[in-house]
Amino acid sequence: MRKPLSSSELKKILETTNERELFLVGHIYIENTIDRILEKRFNIPSKILDNTRFITSMKIDILAESGLIKGNIKKNIGLINSIRSRYAHKLEPDEQKIGNWIRELEYLGSTPKLGRNKKFEKYRICVIMTYSALDKMK
């Protein structure tokens, strides 16, 4: 099992200017952390978690129904998953829909000041905050 990343390490990884890479990698870190929670808390073997038929929404449902995730953490995970799905399955994702989903993301804690002209900064910050919140559940 990999050592968890610090917020600054994840921030550096998410500094890519390639949108598809940003959204796929952001999601991968969230899903990987969810997998570690499911392994530790529910003794679900990694072999099962790695099966492509065990999709992210099912993993989210297990954590939500168990009461481990709720509110804005659950909302962010769902939105991050939706954004990833658009970029994974569409050659030209609907930018307006993506922008709307990013606006719906919630800061988990105090609202940071966003830099000027830094595209997708809210997404990056919310991925880091959501990752950190999940990492504490392991």
# chains A, B, ... in the order shown; residues from 1 in each chain; ligands from 1
>>> residues_around(residues="region 94-101 of chain A", least_positions_apart="6", cutoff="9 Å", atoms="only C-alpha atoms", output="list in words")
Leu79, Ile80, Ser82, Ile83, Arg86 and Phe120 of chain A
>>> write_last_selection(atoms="N, CA, C and O atoms", output="PDB file, in the first residue's frame")
ATOM      1  N   LEU A  79     -19.365  14.593  -7.607  1.00  0.00           N
ATOM      2  CA  LEU A  79     -19.074  15.551  -8.675  1.00  0.00           C
ATOM      3  C   LEU A  79     -17.727  15.257  -9.340  1.00  0.00           C
ATOM      4  O   LEU A  79     -17.608  15.319 -10.569  1.00  0.00           O
ATOM      5  N   ILE A  80     -16.728  14.940  -8.541  1.00  0.00           N
ATOM      6  CA  ILE A  80     -15.402  14.598  -9.082  1.00  0.00           C
ATOM      7  C   ILE A  80     -15.522  13.355  -9.968  1.00  0.00           C
ATOM      8  O   ILE A  80     -14.919  13.284 -11.047  1.00  0.00           O
ATOM      9  N   SER A  82     -18.276  12.405 -11.598  1.00  0.00           N
ATOM     10  CA  SER A  82     -19.012  12.801 -12.807  1.00  0.00           C
ATOM     11  C   SER A  82     -18.096  13.503 -13.807  1.00  0.00           C
ATOM     12  O   SER A  82     -18.162  13.236 -15.014  1.00  0.00           O
ATOM     13  N   ILE A  83     -17.247  14.385 -13.311  1.00  0.00           N
ATOM     14  CA  ILE A  83     -16.303  15.098 -14.182  1.00  0.00           C
ATOM     15  C   ILE A  83     -15.349  14.098 -14.829  1.00  0.00           C
ATOM     16  O   ILE A  83     -15.110  14.134 -16.040  1.00  0.00           O
ATOM     17  N   ARG A  86     -17.000  12.143 -17.655  1.00  0.00           N
ATOM     18  CA  ARG A  86     -17.136  12.912 -18.903  1.00  0.00           C
ATOM     19  C   ARG A  86     -15.829  12.911 -19.684  1.00  0.00           C
ATOM     20  O   ARG A  86     -15.828  12.748 -20.890  1.00  0.00           O
ATOM     21  N   PHE A 120      -9.448  26.146 -13.260  1.00  0.00           N
ATOM     22  CA  PHE A 120      -9.733  24.931 -12.503  1.00  0.00           C
ATOM     23  C   PHE A 120      -9.124  24.924 -11.105  1.00  0.00           C
ATOM     24  O   PHE A 120      -8.965  23.875 -10.494  1.00  0.00           O
TER      25      PHE A 120
END
>>> closest_residue(among="A:Arg36, A:Glu121, A:Met129, A:Met137", to="Thr17 (chain A)", atoms="only C-alpha atoms")
A:Glu121
>>> select_by_dssp(residues="chain A", states="helix (DSSP H, G or I)", output="PyMOL selection string")
chain A and resi 7-13+19-42+46-49+56-65+71-89+95-104+121-135
>>> residues_around(residues="Lys113 (chain A)", least_positions_apart="6", cutoff="12 Å", atoms="only C-alpha atoms", output="VMD selection string")
chain A and resid 107 121 to 122 125
>>> write_last_selection(atoms="N, CA, C and O atoms", output="JSON list (two decimals), in the first residue's frame")
[["chain", "number", "residue", "atom", "x", "y", "z"],
["A", 107, "TYR", "N", -16.03, 23.72, -0.72],
["A", 107, "TYR", "CA", -14.80, 23.77, 0.05],
["A", 107, "TYR", "C", -15.07, 23.11, 1.39],
["A", 107, "TYR", "O", -16.10, 23.37, 2.02],
["A", 121, "GLU", "N", -8.79, 26.10, -10.56],
["A", 121, "GLU", "CA", -8.20, 26.14, -9.22],
["A", 121, "GLU", "C", -9.17, 25.62, -8.17],
["A", 121, "GLU", "O", -8.77, 24.91, -7.25],
["A", 122, "LYS", "N", -10.46, 25.94, -8.31],
["A", 122, "LYS", "CA", -11.43, 25.45, -7.33],
["A", 122, "LYS", "C", -11.46, 23.91, -7.36],
["A", 122, "LYS", "O", -11.51, 23.27, -6.31],
["A", 125, "ILE", "N", -8.34, 22.58, -5.51],
["A", 125, "ILE", "CA", -8.46, 22.77, -4.06],
["A", 125, "ILE", "C", -9.46, 21.79, -3.46],
["A", 125, "ILE", "O", -9.20, 21.17, -2.42]]
>>> residues_around(residues="region 88-90 of chain A", least_positions_apart="4", cutoff="8 Å", atoms="only C-alpha atoms", output="list in words")
Arg20, Leu24 and Arg84 of chain A
>>> write_last_selection(atoms="C-alpha atoms", output="mmCIF file, in the first residue's frame")
data_model
loop_
_atom_site.group_PDB
_atom_site.id
_atom_site.type_symbol
_atom_site.label_atom_id
_atom_site.label_comp_id
_atom_site.auth_asym_id
_atom_site.auth_seq_id
_atom_site.Cartn_x
_atom_site.Cartn_y
_atom_site.Cartn_z
ATOM 1 C CA ARG A 20 -8.078 15.484 -19.212
ATOM 2 C CA LEU A 24 -8.524 11.735 -14.446
ATOM 3 C CA ARG A 84 -13.906 12.180 -14.576
#
>>> residues_around(residues="region 3-16 of chain A", least_positions_apart="6", cutoff="8 Å", atoms="only C-alpha atoms", output="PyMOL selection string")
chain A and resi 22+25-26+124-125+128+132+135
>>> residues_around(residues="Leu68 (chain A)", least_positions_apart="5", cutoff="10 Å", atoms="only C-alpha atoms", output="PyMOL selection string")
chain A and resi 37+41+60+62-63+73-74+134+137
>>> atom_distance(atom1="CA of Glu92 (chain A)", atom2="CA of Lys119 (chain A)")
17.7 Å
